[in-house]
Amino acid sequence: SAFGAFVGETAFIGACNLLVEGVADQILISGAARLTRNIAGGVESETLDLNRIVIVPCGSASQVPYMLYLIRGRDADKPPVVALLDSDPSGDAAARLMRKDHKRMRRLIDKAYVIQLGDLPLFDSPPKTIEMEDLIPAPLAVAAANAFLSEVGRFHESETPKLTSAEFDAQSSMGKGVFDAVDAAASAYGMHIEKLGFARAVIDLCRSTGTDGDLCEDVNRFLMRMRHLFAAINAQRRNAERESTRERVGSRVERQQKIFIQ
């Protein structure tokens, strides 16, 4: 609010942009990108170069089309954009708007650059509704939830609860996603888990887990899923960058033609 509406909404837009729904998605993606860079070594396609791509949190799925308009709808220079959305009802609605509603969105983005998690081969048996947190294996999610509760429990007089895998499984069996399951399990103790703190706890656990830790296998499974996600993002990022380069060259040629005719 101190920056003002225009500056505040465009201050963190870069040369190539990855639009995500919220800050929690930004933390999970950027944290996993740093970790996979150490694991994958020189395999550039299986991580994200955070010096070349800017992760832009939009606040919610419904705000992603608006942020797309801010980036590509008001200026002659249109930086490349890739949008990453959940495969839940709000993500489906935003993806449908950007892919099909050409009159409203003015053809701001190619439909290939709108990626939904449910369309990617990240799971052996994918759930019906997929959010970014659903990429986290259950044991890692429970451990991250307990780390979050332990952190905030320091400010409560009552004893901090410790969630179990059985409590998580009971909520998960009701069709809830990973985050909703751990949050519902915590609510039985009168506690609430924030997405932002949960995402940070996941990345902290991934960073601190050694090669022989109890969560090592689950951390590797989470990072493997993220590597597949990064490969899909990088493929569309390269296409979007090539298209943006062609648009800039075409705009420059058209401008020179107008100058010559005048």
# chains A, B, ... in the order shown; residues from 1 in each chain; ligands from 1

call {"tool": "residues_around", "arguments": {"residues": "region 226-234 of chain A", "least_positions_apart": "5", "cutoff": "9 Å", "atoms": "only C-alpha atoms", "output": "list of chain:residue names"}}
result
A:Leu18, A:Ile29, A:Ala32, A:Ala33, A:Thr36, A:Ala40, A:Glu44, A:Ser45, A:Glu46, A:Thr47, A:Leu48, A:Val82, A:Ala83, A:Leu84, A:Tyr113, A:Ile115, A:Leu117, A:Leu120, A:Pro121, A:Leu122, A:Leu135, A:Arg221, A:Asn239

call {"tool": "select_by_dssp", "arguments": {"residues": "region 77-197 of chain A", "states": "strand (DSSP E)", "output": "list of chain:residue names"}}
result
A:Val81, A:Val82, A:Ala83, A:Leu84, A:Leu85, A:Val114, A:Ile115, A:Gln116

call {"tool": "closest_residue", "arguments": {"among": "A:Gly73, A:Ala94, A:Val56, A:Pro137", "to": "Met224 (chain A)", "atoms": "only C-alpha atoms"}}
result
A:Pro137

call {"tool": "closest_residue", "arguments": {"among": "A:Ser150, A:Gln171, A:Ser165, A:Gln236", "to": "Phe198 (chain A)", "atoms": "only C-alpha atoms"}}
result
A:Ser150

call {"tool": "residues_around", "arguments": {"residues": "region 174-176 of chain A", "least_positions_apart": "5", "cutoff": "12 Å", "atoms": "only C-alpha atoms", "output": "list in words"}}
result
Asp88, Pro127, Lys128, Thr129, Ile130, Glu131, Glu133, Asp134, Glu167, Phe168, Asp169, Ala181, Val182, Asp183, Ala184 and Ala185 of chain A

call {"tool": "select_by_dssp", "arguments": {"residues": "region 97-210 of chain A", "states": "alpha helix (DSSP H)", "output": "PyMOL selection string"}}
result
chain A and resi 97-100+102-105+138-152+165-172+178-187+195-208

call {"tool": "write_last_selection", "arguments": {"atoms": "C-alpha atoms", "output": "mmCIF file, in the first residue's frame"}}
result
data_model
loop_
_atom_site.group_PDB
_atom_site.id
_atom_site.type_symbol
_atom_site.label_atom_id
_atom_site.label_comp_id
_atom_site.auth_asym_id
_atom_site.auth_seq_id
_atom_site.Cartn_x
_atom_site.Cartn_y
_atom_site.Cartn_z
ATOM 1 C CA LEU A 97 -10.690 -18.124 -18.622
ATOM 2 C CA MET A 98 -7.106 -17.796 -19.845
ATOM 3 C CA ARG A 99 -7.356 -20.629 -22.371
ATOM 4 C CA LYS A 100 -10.744 -19.965 -23.972
ATOM 5 C CA HIS A 102 -10.045 -14.681 -25.909
ATOM 6 C CA LYS A 103 -12.380 -11.695 -26.021
ATOM 7 C CA ARG A 104 -11.890 -10.886 -22.354
ATOM 8 C CA MET A 105 -8.204 -11.798 -22.095
ATOM 9 C CA ALA A 138 2.119 -37.956 3.771
ATOM 10 C CA PRO A 139 4.957 -38.662 6.284
ATOM 11 C CA LEU A 140 6.748 -35.461 5.281
ATOM 12 C CA ALA A 141 3.488 -33.503 5.542
ATOM 13 C CA VAL A 142 2.790 -34.829 9.037
ATOM 14 C CA ALA A 143 6.348 -34.027 10.152
ATOM 15 C CA ALA A 144 6.076 -30.504 8.716
ATOM 16 C CA ALA A 145 2.725 -29.976 10.443
ATOM 17 C CA ASN A 146 4.231 -31.066 13.768
ATOM 18 C CA ALA A 147 7.191 -28.727 13.234
ATOM 19 C CA PHE A 148 4.786 -25.857 12.584
ATOM 20 C CA LEU A 149 2.667 -26.711 15.641
ATOM 21 C CA SER A 150 5.800 -26.957 17.786
ATOM 22 C CA GLU A 151 6.868 -23.500 16.609
ATOM 23 C CA VAL A 152 3.554 -21.775 17.300
ATOM 24 C CA SER A 165 -0.059 -40.709 10.667
ATOM 25 C CA ALA A 166 -3.284 -42.438 11.702
ATOM 26 C CA GLU A 167 -4.988 -39.062 12.275
ATOM 27 C CA PHE A 168 -3.784 -37.863 8.902
ATOM 28 C CA ASP A 169 -4.949 -41.044 7.167
ATOM 29 C CA ALA A 170 -8.394 -40.729 8.768
ATOM 30 C CA GLN A 171 -8.805 -37.248 7.276
ATOM 31 C CA SER A 172 -7.231 -38.207 3.960
ATOM 32 C CA VAL A 178 -2.700 -33.180 2.001
ATOM 33 C CA PHE A 179 -2.948 -29.690 3.491
ATOM 34 C CA ASP A 180 -6.654 -29.938 4.308
ATOM 35 C CA ALA A 181 -5.998 -33.284 6.010
ATOM 36 C CA VAL A 182 -3.248 -31.993 8.308
ATOM 37 C CA ASP A 183 -5.236 -28.829 9.051
ATOM 38 C CA ALA A 184 -8.340 -30.851 9.928
ATOM 39 C CA ALA A 185 -6.263 -33.150 12.143
ATOM 40 C CA ALA A 186 -4.844 -30.101 13.929
ATOM 41 C CA SER A 187 -8.274 -28.510 14.320
ATOM 42 C CA LYS A 195 -0.188 -22.578 4.466
ATOM 43 C CA LEU A 196 2.775 -20.219 4.560
ATOM 44 C CA GLY A 197 4.261 -21.663 7.742
ATOM 45 C CA PHE A 198 3.545 -25.193 6.570
ATOM 46 C CA ALA A 199 5.406 -24.589 3.297
ATOM 47 C CA ARG A 200 8.403 -23.182 5.154
ATOM 48 C CA ALA A 201 8.436 -26.184 7.500
ATOM 49 C CA VAL A 202 8.434 -28.567 4.517
ATOM 50 C CA ILE A 203 11.442 -26.860 2.919
ATOM 51 C CA ASP A 204 13.290 -26.672 6.246
ATOM 52 C CA LEU A 205 12.786 -30.413 6.774
ATOM 53 C CA CYS A 206 13.972 -31.171 3.236
ATOM 54 C CA ARG A 207 17.077 -29.082 3.855
ATOM 55 C CA SER A 208 17.878 -30.616 7.242
#

call {"tool": "residues_around", "arguments": {"residues": "Glu241 (chain A)", "least_positions_apart": "6", "cutoff": "12 Å", "atoms": "only C-alpha atoms", "output": "ChimeraX atom specification"}}
result
/A:15-18,52-53,78-82,113,234-235,247-248

call {"tool": "write_last_selection", "arguments": {"atoms": "N, CA and C atoms", "output": "PDB file, in the first residue's frame"}}
result
ATOM      1  N   ALA A  15      11.860 -10.393 -16.324  1.00  0.00           N
ATOM      2  CA  ALA A  15      11.972 -10.646 -17.759  1.00  0.00           C
ATOM      3  C   ALA A  15      11.158 -11.865 -18.172  1.00  0.00           C
ATOM      4  N   CYS A  16      11.150 -12.896 -17.339  1.00  0.00           N
ATOM      5  CA  CYS A  16      10.318 -14.078 -17.571  1.00  0.00           C
ATOM      6  C   CYS A  16       9.618 -14.401 -16.264  1.00  0.00           C
ATOM      7  N   ASN A  17       8.311 -14.618 -16.310  1.00  0.00           N
ATOM      8  CA  ASN A  17       7.516 -14.701 -15.096  1.00  0.00           C
ATOM      9  C   ASN A  17       6.768 -16.021 -15.004  1.00  0.00           C
ATOM     10  N   LEU A  18       6.767 -16.593 -13.812  1.00  0.00           N
ATOM     11  CA  LEU A  18       5.965 -17.768 -13.495  1.00  0.00           C
ATOM     12  C   LEU A  18       4.887 -17.327 -12.518  1.00  0.00           C
ATOM     13  N   ARG A  52      16.799 -16.334 -13.767  1.00  0.00           N
ATOM     14  CA  ARG A  52      16.213 -16.102 -15.093  1.00  0.00           C
ATOM     15  C   ARG A  52      14.698 -16.014 -15.049  1.00  0.00           C
ATOM     16  N   ILE A  53      14.076 -16.582 -14.047  1.00  0.00           N
ATOM     17  CA  ILE A  53      12.616 -16.614 -13.966  1.00  0.00           C
ATOM     18  C   ILE A  53      12.176 -16.046 -12.629  1.00  0.00           C
ATOM     19  N   LYS A  78       5.853  -7.209 -24.134  1.00  0.00           N
ATOM     20  CA  LYS A  78       5.115  -8.257 -23.437  1.00  0.00           C
ATOM     21  C   LYS A  78       6.089  -9.345 -22.991  1.00  0.00           C
ATOM     22  N   PRO A  79       6.526  -9.307 -21.729  1.00  0.00           N
ATOM     23  CA  PRO A  79       7.469 -10.314 -21.256  1.00  0.00           C
ATOM     24  C   PRO A  79       6.829 -11.703 -21.256  1.00  0.00           C
ATOM     25  N   PRO A  80       7.644 -12.744 -21.428  1.00  0.00           N
ATOM     26  CA  PRO A  80       7.100 -14.106 -21.436  1.00  0.00           C
ATOM     27  C   PRO A  80       6.519 -14.480 -20.079  1.00  0.00           C
ATOM     28  N   VAL A  81       5.409 -15.214 -20.124  1.00  0.00           N
ATOM     29  CA  VAL A  81       4.690 -15.601 -18.909  1.00  0.00           C
ATOM     30  C   VAL A  81       4.264 -17.057 -19.022  1.00  0.00           C
ATOM     31  N   VAL A  82       4.441 -17.786 -17.919  1.00  0.00           N
ATOM     32  CA  VAL A  82       3.891 -19.133 -17.765  1.00  0.00           C
ATOM     33  C   VAL A  82       3.055 -19.122 -16.486  1.00  0.00           C
ATOM     34  N   TYR A 113       0.809 -22.377 -22.365  1.00  0.00           N
ATOM     35  CA  TYR A 113       1.591 -21.826 -21.268  1.00  0.00           C
ATOM     36  C   TYR A 113       0.802 -21.779 -19.965  1.00  0.00           C
ATOM     37  N   ASN A 234       9.950 -25.572 -17.490  1.00  0.00           N
ATOM     38  CA  ASN A 234      11.067 -25.123 -18.328  1.00  0.00           C
ATOM     39  C   ASN A 234      10.759 -25.295 -19.811  1.00  0.00           C
ATOM     40  N   ALA A 235      10.054 -26.367 -20.157  1.00  0.00           N
ATOM     41  CA  ALA A 235       9.712 -26.582 -21.568  1.00  0.00           C
ATOM     42  C   ALA A 235       8.838 -25.441 -22.078  1.00  0.00           C
ATOM     43  N   GLU A 247       8.134 -11.702 -31.098  1.00  0.00           N
ATOM     44  CA  GLU A 247       7.235 -10.543 -31.009  1.00  0.00           C
ATOM     45  C   GLU A 247       8.020  -9.246 -30.936  1.00  0.00           C
ATOM     46  N   ARG A 248       9.118  -9.233 -30.182  1.00  0.00           N
ATOM     47  CA  ARG A 248       9.918  -8.010 -30.074  1.00  0.00           C
ATOM     48  C   ARG A 248      10.567  -7.667 -31.404  1.00  0.00           C
TER      49      ARG A 248
END

call {"tool": "atom_distance", "arguments": {"atom1": "CA of Ile136 (chain A)", "atom2": "CA of Phe222 (chain A)"}}
result
5.4 Å

call {"tool": "atom_distance", "arguments": {"atom1": "CA of Leu50 (chain A)", "atom2": "CA of Glu21 (chain A)"}}
result
17.7 Å
